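Asker: Structure file upload-v7.cif (mmCIF, C-alpha atoms and all ligand atoms) is given on the next line.
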```cif
data_my_file
#
loop_
_atom_site.label_atom_id
_atom_site.label_comp_id
_atom_site.auth_asym_id
_atom_site.auth_seq_id
_atom_site.Cartn_x
_atom_site.Cartn_y
_atom_site.Cartn_z
CA MET A 88 -1.02 -19.84 24.93
CA GLY A 89 -2.13 -19.14 28.52
CA LEU A 90 -4.79 -16.50 29.34
CA GLN A 91 -2.23 -14.12 30.86
CA GLN A 92 0.00 -14.39 27.79
CA GLN A 93 -3.01 -13.82 25.53
CA ARG A 94 -3.93 -10.66 27.46
CA GLU A 95 -0.38 -9.37 27.15
CA SER A 96 -0.10 -10.01 23.43
CA ARG A 97 -3.61 -8.70 22.64
CA MET A 98 -3.23 -5.13 21.44
CA LYS A 99 -5.53 -2.32 20.39
CA ILE A 100 -4.56 -1.30 16.88
CA LEU A 101 -5.64 1.67 14.75
CA VAL A 102 -5.57 1.22 10.98
CA THR A 103 -6.06 4.46 9.03
CA GLY A 104 -7.24 3.78 5.49
CA GLY A 105 -8.58 0.51 6.89
CA ALA A 106 -11.46 0.27 4.40
CA GLY A 107 -9.08 0.41 1.44
CA PHE A 108 -7.50 -2.41 -0.50
CA LEU A 109 -4.45 -3.03 1.70
CA GLY A 110 -6.07 -1.72 4.89
CA SER A 111 -8.96 -4.18 4.78
CA HIS A 112 -6.60 -7.15 4.35
CA LEU A 113 -4.52 -5.83 7.25
CA CYS A 114 -7.65 -5.54 9.46
CA ASP A 115 -8.50 -9.18 8.63
CA ARG A 116 -5.01 -10.28 9.56
CA LEU A 117 -4.85 -8.35 12.84
CA LEU A 118 -8.27 -9.61 13.94
CA ALA A 119 -7.22 -13.18 13.10
CA GLN A 120 -4.21 -12.66 15.39
CA GLY A 121 -6.61 -11.79 18.24
CA HIS A 122 -6.13 -8.02 18.39
CA ASP A 123 -8.72 -5.25 18.75
CA VAL A 124 -8.89 -3.19 15.58
CA VAL A 125 -10.14 0.36 15.01
CA CYS A 126 -10.61 0.97 11.29
CA LEU A 127 -10.62 4.68 10.39
CA ASP A 128 -11.40 5.79 6.84
CA ASN A 129 -13.14 8.64 4.99
CA LEU A 130 -14.17 6.27 2.15
CA PHE A 131 -12.59 8.45 -0.56
CA THR A 132 -11.19 5.44 -2.43
CA GLY A 133 -12.06 2.70 0.06
CA ALA A 134 -15.45 1.05 0.46
CA LYS A 135 -17.55 -0.18 3.36
CA SER A 136 -18.02 -3.39 1.38
CA ASN A 137 -14.31 -4.17 1.95
CA VAL A 138 -14.97 -4.46 5.69
CA ALA A 139 -18.67 -5.39 5.60
CA HIS A 140 -17.78 -8.93 6.74
CA LEU A 141 -16.16 -7.45 9.87
CA ILE A 142 -19.07 -5.25 10.98
CA GLY A 143 -20.47 -6.79 14.16
CA HIS A 144 -17.19 -8.53 15.00
CA PRO A 145 -16.71 -7.99 18.77
CA ARG A 146 -13.11 -6.78 18.35
CA PHE A 147 -13.71 -4.57 15.29
CA GLU A 148 -14.68 -0.90 15.40
CA TRP A 149 -15.46 1.19 12.32
CA VAL A 150 -14.94 5.00 12.38
CA ARG A 151 -15.70 7.30 9.48
CA HIS A 152 -13.18 10.10 9.77
CA ASP A 153 -10.71 12.13 7.71
CA VAL A 154 -7.06 11.99 8.82
CA THR A 155 -6.61 15.67 7.96
CA ASP A 156 -8.69 16.32 11.12
CA PRO A 157 -7.15 15.29 14.46
CA PHE A 158 -8.29 12.10 16.20
CA LYS A 159 -7.71 10.40 19.57
CA PHE A 160 -7.72 6.71 20.44
CA GLU A 161 -6.09 4.76 23.25
CA VAL A 162 -4.08 2.35 21.12
CA ASP A 163 -0.83 0.36 21.22
CA ARG A 164 -0.16 0.37 17.47
CA ILE A 165 -1.04 2.69 14.58
CA TYR A 166 -0.78 1.63 10.93
CA ASN A 167 -1.07 4.77 8.77
CA LEU A 168 -2.36 3.70 5.38
CA ALA A 169 -4.80 6.53 4.65
CA CYS A 170 -3.99 8.04 1.25
CA PRO A 171 -5.33 7.50 -2.26
CA ALA A 172 -2.79 5.29 -4.06
CA SER A 173 -3.78 5.22 -7.72
CA PRO A 174 -2.58 8.06 -9.97
CA PRO A 175 -6.09 9.12 -11.21
CA HIS A 176 -7.35 9.26 -7.62
CA TYR A 177 -4.39 11.05 -6.05
CA GLN A 178 -4.36 13.52 -8.97
CA PHE A 179 -8.13 14.18 -8.65
CA ASN A 180 -7.50 16.68 -5.83
CA PRO A 181 -3.71 16.99 -5.51
CA ILE A 182 -3.83 19.57 -2.72
CA LYS A 183 -5.97 17.23 -0.65
CA THR A 184 -3.50 14.41 -1.38
CA VAL A 185 -0.64 16.46 0.08
CA LYS A 186 -2.78 17.33 3.12
CA THR A 187 -3.71 13.69 3.63
CA SER A 188 -0.07 12.59 3.59
CA VAL A 189 1.33 15.44 5.66
CA LEU A 190 -1.47 16.20 8.14
CA GLY A 191 -2.31 12.49 8.36
CA ALA A 192 1.29 11.76 9.35
CA ILE A 193 1.36 14.63 11.87
CA HIS A 194 -1.88 13.46 13.48
CA CYS A 195 -0.73 9.83 13.69
CA LEU A 196 2.65 10.85 15.10
CA GLY A 197 1.09 13.28 17.60
CA LEU A 198 -1.24 10.54 18.80
CA ALA A 199 1.61 7.99 18.99
CA LYS A 200 3.64 10.46 21.05
CA ARG A 201 0.74 11.13 23.48
CA VAL A 202 -0.26 7.53 24.07
CA GLY A 203 3.14 5.86 23.59
CA ALA A 204 2.02 3.82 20.59
CA ARG A 205 4.28 2.39 17.90
CA VAL A 206 3.41 3.93 14.54
CA PHE A 207 3.86 2.52 11.03
CA GLN A 208 3.95 4.56 7.83
CA ALA A 209 2.85 3.10 4.50
CA SER A 210 5.38 4.85 2.31
CA THR A 211 6.01 3.98 -1.29
CA SER A 212 8.51 3.12 -4.00
CA GLU A 213 7.41 6.49 -5.47
CA VAL A 214 9.90 8.13 -3.10
CA TYR A 215 12.50 6.86 -5.63
CA GLY A 216 10.66 8.66 -8.49
CA ASP A 217 11.89 7.68 -11.96
CA PRO A 218 14.88 5.82 -10.56
CA ALA A 219 18.39 6.20 -11.93
CA VAL A 220 19.55 3.28 -9.75
CA HIS A 221 18.14 -0.18 -10.48
CA PRO A 222 16.99 -2.17 -8.53
CA GLN A 223 16.26 0.36 -5.80
CA PRO A 224 17.91 -0.12 -2.37
CA GLU A 225 16.74 1.90 0.65
CA SER A 226 19.98 3.92 0.52
CA TYR A 227 18.99 5.47 -2.84
CA TRP A 228 17.66 9.03 -2.37
CA GLY A 229 15.57 9.01 -5.50
CA HIS A 230 14.92 11.03 -8.63
CA VAL A 231 11.65 12.84 -8.05
CA ASN A 232 10.14 15.77 -9.95
CA PRO A 233 8.97 18.20 -7.23
CA ILE A 234 6.53 20.10 -9.50
CA GLY A 235 4.95 17.45 -11.72
CA ILE A 236 1.53 15.79 -11.71
CA ARG A 237 2.78 12.89 -9.55
CA SER A 238 4.51 15.20 -7.06
CA CYS A 239 1.49 15.60 -4.74
CA TYR A 240 1.80 11.90 -3.97
CA ASP A 241 5.59 11.41 -4.20
CA GLU A 242 6.55 14.53 -2.27
CA GLY A 243 3.67 14.10 0.20
CA LYS A 244 5.02 10.65 1.04
CA ARG A 245 8.59 11.97 1.23
CA VAL A 246 7.56 14.67 3.72
CA ALA A 247 5.70 12.02 5.71
CA GLU A 248 8.93 9.99 5.94
CA THR A 249 10.76 13.15 7.08
CA LEU A 250 8.14 13.75 9.78
CA PHE A 251 8.39 10.16 10.97
CA MET A 252 12.18 10.39 11.28
CA ASP A 253 11.99 13.80 13.03
CA TYR A 254 9.37 12.66 15.55
CA HIS A 255 11.60 9.66 16.19
CA ARG A 256 14.80 11.70 16.66
CA GLN A 257 13.21 14.65 18.49
CA ASN A 258 10.55 12.90 20.58
CA GLY A 259 11.64 9.27 20.67
CA VAL A 260 8.46 8.10 18.93
CA ASP A 261 8.71 4.40 18.05
CA ILE A 262 8.32 4.30 14.25
CA ARG A 263 8.36 1.86 11.33
CA ILE A 264 8.59 3.09 7.72
CA VAL A 265 7.86 0.66 4.91
CA ARG A 266 8.33 1.50 1.22
CA ILE A 267 5.69 -0.51 -0.61
CA PHE A 268 6.21 -1.51 -4.24
CA ASN A 269 3.22 -2.13 -6.55
CA THR A 270 0.87 -4.53 -4.77
CA TYR A 271 -2.29 -6.12 -6.16
CA GLY A 272 -5.01 -8.58 -5.19
CA PRO A 273 -8.68 -9.01 -4.33
CA ARG A 274 -10.56 -5.87 -3.14
CA MET A 275 -8.75 -3.51 -5.46
CA ASN A 276 -11.40 -1.07 -6.59
CA PRO A 277 -12.44 -2.02 -10.18
CA ASN A 278 -12.45 1.69 -11.08
CA ASP A 279 -9.21 2.33 -9.28
CA GLY A 280 -7.16 3.11 -12.38
CA ARG A 281 -4.11 1.03 -11.45
CA VAL A 282 -2.68 -1.23 -14.05
CA VAL A 283 -3.52 -4.69 -12.66
CA SER A 284 -7.18 -3.89 -11.95
CA ASN A 285 -7.56 -2.01 -15.26
CA PHE A 286 -6.13 -4.87 -17.33
CA ILE A 287 -8.20 -7.56 -15.57
CA VAL A 288 -11.46 -5.60 -15.79
CA GLU A 289 -10.84 -4.84 -19.48
CA ALA A 290 -9.98 -8.47 -20.21
CA LEU A 291 -13.06 -9.81 -18.41
CA LYS A 292 -15.32 -7.35 -20.26
CA GLY A 293 -13.66 -8.19 -23.58
CA GLU A 294 -12.63 -4.55 -24.05
CA ASP A 295 -9.28 -3.39 -25.42
CA ILE A 296 -6.46 -3.57 -22.89
CA THR A 297 -5.04 -0.06 -22.71
CA ILE A 298 -1.31 0.22 -22.38
CA TYR A 299 0.09 3.68 -21.73
CA GLY A 300 3.16 4.37 -23.86
CA ASP A 301 4.78 1.47 -25.72
CA GLY A 302 4.46 -0.94 -22.78
CA SER A 303 8.21 -1.33 -22.28
CA GLN A 304 8.14 0.35 -18.84
CA THR A 305 8.51 -2.13 -15.98
CA ARG A 306 6.97 -2.70 -12.55
CA SER A 307 7.40 -5.45 -9.95
CA PHE A 308 4.13 -6.82 -8.58
CA CYS A 309 3.61 -8.17 -5.07
CA TYR A 310 0.55 -10.20 -4.02
CA VAL A 311 -1.33 -8.64 -1.11
CA ASP A 312 -0.97 -11.58 1.34
CA ASP A 313 2.82 -11.48 1.03
CA LEU A 314 2.86 -7.75 1.70
CA VAL A 315 0.60 -7.96 4.77
CA GLU A 316 2.87 -10.69 6.18
CA GLY A 317 5.79 -8.28 5.76
CA PHE A 318 3.81 -5.47 7.46
CA VAL A 319 3.08 -7.40 10.65
CA ARG A 320 6.57 -8.89 10.86
CA PHE A 321 8.16 -5.47 10.52
CA MET A 322 5.77 -3.81 12.97
CA GLU A 323 6.61 -6.37 15.67
CA HIS A 324 10.33 -6.51 14.91
CA GLU A 325 12.22 -4.72 17.70
CA GLY A 326 14.82 -2.03 17.27
CA PHE A 327 14.65 -1.09 13.59
CA THR A 328 12.79 1.93 12.22
CA GLY A 329 13.34 1.40 8.49
CA PRO A 330 12.78 2.63 5.87
CA MET A 331 12.44 -0.88 4.53
CA ASN A 332 11.42 -1.93 1.01
CA LEU A 333 8.66 -4.53 0.72
CA GLY A 334 7.71 -5.88 -2.68
CA ASN A 335 8.24 -8.69 -5.13
CA PRO A 336 11.46 -8.42 -7.15
CA GLY A 337 9.91 -10.21 -10.17
CA GLU A 338 10.01 -7.43 -12.80
CA PHE A 339 7.71 -7.30 -15.85
CA THR A 340 7.02 -4.89 -18.70
CA MET A 341 3.41 -3.71 -19.04
CA LEU A 342 3.25 -5.62 -22.32
CA GLN A 343 4.21 -8.82 -20.50
CA LEU A 344 1.63 -8.10 -17.81
CA ALA A 345 -1.06 -7.64 -20.47
CA GLU A 346 -0.08 -10.97 -22.06
CA HIS A 347 -0.31 -12.77 -18.68
CA VAL A 348 -3.76 -11.28 -18.03
CA VAL A 349 -5.07 -12.20 -21.49
CA ARG A 350 -3.79 -15.76 -21.15
CA LEU A 351 -5.12 -16.29 -17.61
CA THR A 352 -8.56 -14.82 -18.32
CA GLY A 353 -8.85 -16.58 -21.70
CA SER A 354 -9.98 -13.20 -23.04
CA ARG A 355 -10.19 -12.16 -26.68
CA SER A 356 -9.27 -8.58 -25.80
CA ARG A 357 -6.75 -6.84 -28.01
CA ILE A 358 -4.07 -4.45 -26.92
CA ALA A 359 -4.52 -0.73 -27.55
CA PHE A 360 -1.93 1.95 -26.90
CA LYS A 361 -2.59 5.35 -25.28
CA PRO A 362 -0.15 8.21 -24.55
CA LEU A 363 2.17 7.75 -21.59
CA PRO A 364 1.27 10.10 -18.68
CA ALA A 365 3.91 12.64 -17.59
CA ASP A 366 6.70 11.49 -15.25
CA ASP A 367 5.68 7.81 -15.50
CA PRO A 368 8.69 5.89 -14.09
CA ARG A 369 10.53 3.80 -16.71
CA GLN A 370 11.48 0.94 -14.42
CA ARG A 371 10.96 -0.27 -10.88
CA GLN A 372 12.23 -3.24 -8.90
CA PRO A 373 12.75 -3.50 -5.16
CA ASP A 374 16.01 -4.54 -3.62
CA ILE A 375 14.60 -6.61 -0.72
CA GLY A 376 17.92 -7.67 0.79
CA LEU A 377 17.23 -5.65 3.93
CA ALA A 378 13.81 -7.27 4.53
CA ARG A 379 15.30 -10.73 3.85
CA ARG A 380 18.12 -10.19 6.35
CA THR A 381 16.12 -8.37 9.04
CA LEU A 382 12.77 -10.15 8.93
CA GLY A 383 13.56 -13.35 7.07
CA TRP A 384 10.77 -12.18 4.74
CA GLU A 385 10.36 -12.73 1.06
CA PRO A 386 7.29 -12.97 -1.18
CA LYS A 387 5.92 -16.45 -1.87
CA VAL A 388 3.15 -15.87 -4.41
CA GLY A 389 4.26 -15.64 -8.04
CA LEU A 390 2.58 -13.44 -10.63
CA ASP A 391 0.47 -16.14 -12.31
CA GLU A 392 -0.86 -17.48 -9.00
CA GLY A 393 -1.60 -14.00 -7.66
CA LEU A 394 -3.26 -12.89 -10.89
CA THR A 395 -5.39 -16.06 -10.94
CA ARG A 396 -6.71 -15.30 -7.42
CA THR A 397 -7.29 -11.65 -8.35
CA ILE A 398 -9.09 -12.57 -11.58
CA GLU A 399 -11.39 -14.89 -9.56
CA TYR A 400 -12.27 -11.94 -7.32
CA PHE A 401 -13.02 -9.60 -10.21
CA ARG A 402 -15.13 -12.28 -11.92
CA SER A 403 -17.21 -12.48 -8.74
CA ILE A 404 -17.92 -8.74 -8.59
CA ILE A 405 -18.25 -7.68 -12.23
P1 LIG A 501 -6.63 2.44 -1.37
O1 LIG A 501 -6.96 3.66 -2.14
O2 LIG A 501 -7.45 1.22 -1.61
O3 LIG A 501 -6.65 2.72 0.19
C1 LIG A 501 -6.45 3.98 0.76
C2 LIG A 501 -7.50 4.18 1.83
O4 LIG A 501 -7.30 5.45 2.46
C3 LIG A 501 -8.93 4.22 1.23
O5 LIG A 501 -9.78 3.39 1.98
C4 LIG A 501 -9.32 5.69 1.34
O6 LIG A 501 -10.71 5.89 1.45
C5 LIG A 501 -8.55 6.12 2.58
N1 LIG A 501 -8.30 7.57 2.63
C6 LIG A 501 -7.81 8.36 1.63
N2 LIG A 501 -7.71 9.63 2.08
C7 LIG A 501 -8.13 9.63 3.38
C8 LIG A 501 -8.27 10.63 4.37
N3 LIG A 501 -7.96 11.93 4.11
N4 LIG A 501 -8.73 10.28 5.58
C9 LIG A 501 -9.06 8.98 5.87
N5 LIG A 501 -8.96 8.00 4.96
C10 LIG A 501 -8.50 8.31 3.73
O7 LIG A 501 -5.07 2.13 -1.64
P2 LIG A 501 -4.13 0.98 -1.09
O8 LIG A 501 -3.48 0.35 -2.26
O9 LIG A 501 -4.86 0.14 -0.10
O10 LIG A 501 -3.02 1.84 -0.35
C11 LIG A 501 -2.92 1.92 1.07
C12 LIG A 501 -1.67 2.69 1.43
O11 LIG A 501 -0.52 2.00 0.92
C13 LIG A 501 -1.62 4.10 0.86
O12 LIG A 501 -1.05 4.96 1.83
C14 LIG A 501 -0.70 3.97 -0.33
O13 LIG A 501 -0.03 5.18 -0.60
C15 LIG A 501 0.26 2.88 0.14
N6 LIG A 501 0.86 2.17 -1.00
C16 LIG A 501 0.16 1.26 -1.71
C17 LIG A 501 0.75 0.62 -2.79
C18 LIG A 501 0.04 -0.42 -3.60
O14 LIG A 501 0.60 -0.89 -4.59
N7 LIG A 501 -1.13 -0.88 -3.26
C19 LIG A 501 2.07 0.95 -3.17
C20 LIG A 501 2.74 1.92 -2.43
C21 LIG A 501 2.14 2.51 -1.32
N1 LIG A 502 -0.67 1.65 -17.02
C1 LIG A 502 -1.12 1.18 -18.25
N2 LIG A 502 -2.46 1.03 -18.42
C2 LIG A 502 -3.38 1.28 -17.45
C3 LIG A 502 -2.91 1.75 -16.19
C4 LIG A 502 -1.55 1.93 -16.02
O1 LIG A 502 -0.33 0.91 -19.16
O2 LIG A 502 -4.58 1.08 -17.70
C5 LIG A 502 0.79 1.80 -16.81
C6 LIG A 502 1.22 3.10 -16.18
O3 LIG A 502 1.45 4.08 -17.17
C7 LIG A 502 2.49 2.69 -15.47
C8 LIG A 502 2.23 1.25 -15.04
O4 LIG A 502 1.15 0.80 -15.87
O5 LIG A 502 3.58 2.71 -16.35
C9 LIG A 502 1.82 1.10 -13.58
O6 LIG A 502 0.76 2.00 -13.35
P1 LIG A 502 0.00 2.11 -11.93
O7 LIG A 502 -0.90 3.30 -12.02
O8 LIG A 502 -0.63 0.80 -11.61
O9 LIG A 502 1.15 2.31 -10.85
P2 LIG A 502 2.38 3.32 -10.72
O10 LIG A 502 2.66 4.01 -12.02
O11 LIG A 502 1.99 4.27 -9.64
O12 LIG A 502 3.48 2.40 -10.35
#
```
Output the file's structure as structure tokens, nothing else.
Answerer:
Amino acid sequence: MGLQQQRESRMKILVTGGAGFLGSHLCDRLLAQGHDVVCLDNLFTGAKSNVAHLIGHPRFEWVRHDVTDPFKFEVDRIYNLACPASPPHYQFNPIKTVKTSVLGAIHCLGLAKRVGARVFQASTSEVYGDPAVHPQPESYWGHVNPIGIRSCYDEGKRVAETLFMDYHRQNGVDIRIVRIFNTYGPRMNPNDGRVVSNFIVEALKGEDITIYGDGSQTRSFCYVDDLVEGFVRFMEHEGFTGPMNLGNPGEFTMLQLAEHVVRLTGSRSRIAFKPLPADDPRQRQPDIGLARRTLGWEPKVGLDEGLTRTIEYFRSII
């Protein structure tokens, strides 16, 4: 690539929630592509250690800030990932979770409008709630409880999607909306509360693996590298706003997941059952036909391979 071409393709990119699990992998990827990255995070669920290896990098800038307060940066791209993602964390202060989703979206969209940046929203499969349609295509409007304990997250993300579409229609803001299905990998917070990290940490410590309910509920798990590949392809794909599902269609019950983790860790942990939290979706599997057709994207890392890499990470930090 010539110098001129490099200058043209080198962008300044803001990643909100950049010190989180997905955000830190995205920062790595964007820096590796030669871009300048501003990582903004209030460290509620993220950690400086996730980006410690980037501090001092000449194209990396770290900003401690809360997206519920306005911010200004001269950027070409904004990835809006700031929001706690695990149920215990987003339920810890549900009002703050709604503010983070809604005000965070408004501040990102306002900035994108002012500086002419393209802006990407990390939405979620939770917009489908406890789905009555299976697998879930983007055309499905969902089955969401508006007043339950998961609503702060689900409805917050739904309003954010609404704001993205309205800024696009009303102000011509260039948007991308991705609906992320359960994603796992290294740098998940060991105390995060999500199922993959909980099971691995319990297995490595030889503690009981706690399944909520009878373990027959399903999820589809995507390895982080596959997801980040989908993010950057979608962001740079011209002329399509989404929403677009990204995830791995391989669907497993929580009992099956526990068995995989026990086998791959060689743990002697036993399985213990706890009550199922309210509104816990029964089943979830992405229909990724749209991403396949539009981006030529599909996940490459299977569950055993992804879990093995994730287990290695947790072994190194526990
Ligand atoms: P995470 O908790 O590791 O990352 C979220 C980051 O946002 C953290 O670093 C946190 O400190 C930061 N943050 C939270 N509130 C903030 C605020 N008010 N201001 C600034 N920063 C704030 O979770 P993750 O899995 O990396 O999720 C990233 C994004 O992807 C989230 O928006 C989440 O809703 C979405 N998502 C993730 C998944 C998944 O399976 N990992 C699935 C669906 C959607
Ligand atoms: N879950 C579980 N044990 C745990 C954590 C979660 O059985 O230690 C279950 C949870 O009830 C849900 C599934 O695993 O049915 C996925 O939970 P997670 O919080 O990871 O994601 P989400 O429910 O938001 O998809």
Asker: Nearest to A:Ile165 among A:Glu399, A:Asp123, A:Asp312, A:Glu385, with distances taken over only C-alpha atoms: which residue is it?
Answerer: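 Counting only C-alpha atoms, the residue closest to A:Ile165 is A:Asp123.
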Asker: Between A:Thr211, A:Ser284, A:Thr395, A:Thr297, single out the one closest to A:Leu333, counting only C-alpha atoms.
Answerer: A:Thr211
Asker: Please compute the atom CA of A:Glu294-atom CA of A:Arg355 distance, one decimal, in Å.
Answerer: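 It comes out at 8.4 Å.
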Asker: Quick one: pull the distance between atom C19 of ligand LIG 501 (chain A) and atom CA of A:Gly133, Å, one decimal.
Answerer: 14.6 Å
Asker: Which residues form the shell of 8 Å around ligand LIG 501 (chain A) when you count all atoms listed in the file, given as a tab-separated table (two decimals) with C-alpha atoms, keeping the file's coordinate frame?
Answerer:
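Okay, pocket-v2.tsv is ready:
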```tsv
chain	number	residue	atom	x	y	z
A	103	THR	CA	-6.06	4.46	9.03
A	104	GLY	CA	-7.24	3.78	5.49
A	105	GLY	CA	-8.58	0.51	6.89
A	106	ALA	CA	-11.46	0.27	4.40
A	107	GLY	CA	-9.08	0.41	1.44
A	108	PHE	CA	-7.50	-2.41	-0.50
A	109	LEU	CA	-4.45	-3.03	1.70
A	110	GLY	CA	-6.07	-1.72	4.89
A	111	SER	CA	-8.96	-4.18	4.78
A	127	LEU	CA	-10.62	4.68	10.39
A	128	ASP	CA	-11.40	5.79	6.84
A	129	ASN	CA	-13.14	8.64	4.99
A	130	LEU	CA	-14.17	6.27	2.15
A	131	PHE	CA	-12.59	8.45	-0.56
A	132	THR	CA	-11.19	5.44	-2.43
A	133	GLY	CA	-12.06	2.70	0.06
A	134	ALA	CA	-15.45	1.05	0.46
A	151	ARG	CA	-15.70	7.30	9.48
A	152	HIS	CA	-13.18	10.10	9.77
A	153	ASP	CA	-10.71	12.13	7.71
A	154	VAL	CA	-7.06	11.99	8.82
A	155	THR	CA	-6.61	15.67	7.96
A	167	ASN	CA	-1.07	4.77	8.77
A	168	LEU	CA	-2.36	3.70	5.38
A	169	ALA	CA	-4.80	6.53	4.65
A	170	CYS	CA	-3.99	8.04	1.25
A	171	PRO	CA	-5.33	7.50	-2.26
A	172	ALA	CA	-2.79	5.29	-4.06
A	173	SER	CA	-3.78	5.22	-7.72
A	176	HIS	CA	-7.35	9.26	-7.62
A	183	LYS	CA	-5.97	17.23	-0.65
A	184	THR	CA	-3.50	14.41	-1.38
A	186	LYS	CA	-2.78	17.33	3.12
A	187	THR	CA	-3.71	13.69	3.63
A	188	SER	CA	-0.07	12.59	3.59
A	191	GLY	CA	-2.31	12.49	8.36
A	208	GLN	CA	3.95	4.56	7.83
A	209	ALA	CA	2.85	3.10	4.50
A	210	SER	CA	5.38	4.85	2.31
A	211	THR	CA	6.01	3.98	-1.29
A	212	SER	CA	8.51	3.12	-4.00
A	213	GLU	CA	7.41	6.49	-5.47
A	240	TYR	CA	1.80	11.90	-3.97
A	244	LYS	CA	5.02	10.65	1.04
A	266	ARG	CA	8.33	1.50	1.22
A	267	ILE	CA	5.69	-0.51	-0.61
A	268	PHE	CA	6.21	-1.51	-4.24
A	269	ASN	CA	3.22	-2.13	-6.55
A	270	THR	CA	0.87	-4.53	-4.77
A	271	TYR	CA	-2.29	-6.12	-6.16
A	274	ARG	CA	-10.56	-5.87	-3.14
A	275	MET	CA	-8.75	-3.51	-5.46
A	276	ASN	CA	-11.40	-1.07	-6.59
A	279	ASP	CA	-9.21	2.33	-9.28
A	308	PHE	CA	4.13	-6.82	-8.58
A	309	CYS	CA	3.61	-8.17	-5.07
```
Asker: Could you give me the axis-aligned bounding box of ligand LIG 502 (chain A), with 6 Å of padding per side, as centre plus edge lengths in Å to one decimal, as JSON?
Answerer:
```
{"center_x": -0.5, "center_y": 2.5, "center_z": -14.4, "size_x": 20.2, "size_y": 15.5, "size_z": 21.5}
```
Asker: Given all atoms listed in the file as the basis, pick out the residue of A:Phe160, A:Arg256, A:Asp366, A:Arg201 nearest to A:Ile234.
Answerer: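 Using all atoms listed in the file, the shortest distance to A:Ile234 belongs to A:Asp366.
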Asker: Show which residues sit within 7 Å of stretch 327-329 of chain A, as a short mmCIF file (atom, residue, chain, number, x, y, z; two decimals) with C-alpha atoms, in the frame of the given file. Count only C-alpha atoms, and ignore same-chain residues fewer than 5 positions away.
Answerer:
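See result_18.cif below for the written result:
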```
data_model
loop_
_atom_site.label_atom_id
_atom_site.label_comp_id
_atom_site.auth_asym_id
_atom_site.auth_seq_id
_atom_site.Cartn_x
_atom_site.Cartn_y
_atom_site.Cartn_z
CA ILE A 262 8.32 4.30 14.25
CA ARG A 263 8.36 1.86 11.33
CA ILE A 264 8.59 3.09 7.72
CA VAL A 265 7.86 0.66 4.91
#
```
Asker: Using the incomplete input, complete stretch 194-203 of chain A to the level of N, CA, C and O atoms; output as a PDB file, keeping the file's coordinate frame.
Answerer:
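Saved the output as selection-v6.pdb:
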```
ATOM      1  N   HIS A 194      -0.871  13.888  12.496  1.00  0.00           N
ATOM      2  CA  HIS A 194      -1.880  13.460  13.480  1.00  0.00           C
ATOM      3  C   HIS A 194      -1.580  12.071  14.038  1.00  0.00           C
ATOM      4  O   HIS A 194      -1.759  11.834  15.235  1.00  0.00           O
ATOM      5  N   CYS A 195      -1.090  11.178  13.185  1.00  0.00           N
ATOM      6  CA  CYS A 195      -0.730   9.830  13.690  1.00  0.00           C
ATOM      7  C   CYS A 195       0.455   9.930  14.646  1.00  0.00           C
ATOM      8  O   CYS A 195       0.482   9.265  15.696  1.00  0.00           O
ATOM      9  N   LEU A 196       1.441  10.738  14.265  1.00  0.00           N
ATOM     10  CA  LEU A 196       2.650  10.850  15.100  1.00  0.00           C
ATOM     11  C   LEU A 196       2.341  11.544  16.421  1.00  0.00           C
ATOM     12  O   LEU A 196       2.853  11.147  17.484  1.00  0.00           O
ATOM     13  N   GLY A 197       1.489  12.577  16.366  1.00  0.00           N
ATOM     14  CA  GLY A 197       1.090  13.280  17.600  1.00  0.00           C
ATOM     15  C   GLY A 197       0.382  12.328  18.548  1.00  0.00           C
ATOM     16  O   GLY A 197       0.641  12.295  19.758  1.00  0.00           O
ATOM     17  N   LEU A 198      -0.512  11.515  17.978  1.00  0.00           N
ATOM     18  CA  LEU A 198      -1.240  10.540  18.800  1.00  0.00           C
ATOM     19  C   LEU A 198      -0.269   9.501  19.375  1.00  0.00           C
ATOM     20  O   LEU A 198      -0.328   9.184  20.578  1.00  0.00           O
ATOM     21  N   ALA A 199       0.642   9.010  18.525  1.00  0.00           N
ATOM     22  CA  ALA A 199       1.610   7.990  18.990  1.00  0.00           C
ATOM     23  C   ALA A 199       2.443   8.562  20.133  1.00  0.00           C
ATOM     24  O   ALA A 199       2.727   7.869  21.124  1.00  0.00           O
ATOM     25  N   LYS A 200       2.824   9.819  20.012  1.00  0.00           N
ATOM     26  CA  LYS A 200       3.640  10.460  21.050  1.00  0.00           C
ATOM     27  C   LYS A 200       2.842  10.560  22.369  1.00  0.00           C
ATOM     28  O   LYS A 200       3.362  10.239  23.432  1.00  0.00           O
ATOM     29  N   ARG A 201       1.565  10.961  22.269  1.00  0.00           N
ATOM     30  CA  ARG A 201       0.740  11.130  23.480  1.00  0.00           C
ATOM     31  C   ARG A 201       0.496   9.818  24.198  1.00  0.00           C
ATOM     32  O   ARG A 201       0.581   9.742  25.425  1.00  0.00           O
ATOM     33  N   VAL A 202       0.153   8.780  23.405  1.00  0.00           N
ATOM     34  CA  VAL A 202      -0.260   7.530  24.070  1.00  0.00           C
ATOM     35  C   VAL A 202       0.853   6.479  24.115  1.00  0.00           C
ATOM     36  O   VAL A 202       0.642   5.376  24.611  1.00  0.00           O
ATOM     37  N   GLY A 203       2.010   6.812  23.552  1.00  0.00           N
ATOM     38  CA  GLY A 203       3.140   5.860  23.590  1.00  0.00           C
ATOM     39  C   GLY A 203       2.964   4.687  22.644  1.00  0.00           C
ATOM     40  O   GLY A 203       3.489   3.598  22.896  1.00  0.00           O
TER      41      GLY A 203
END
```
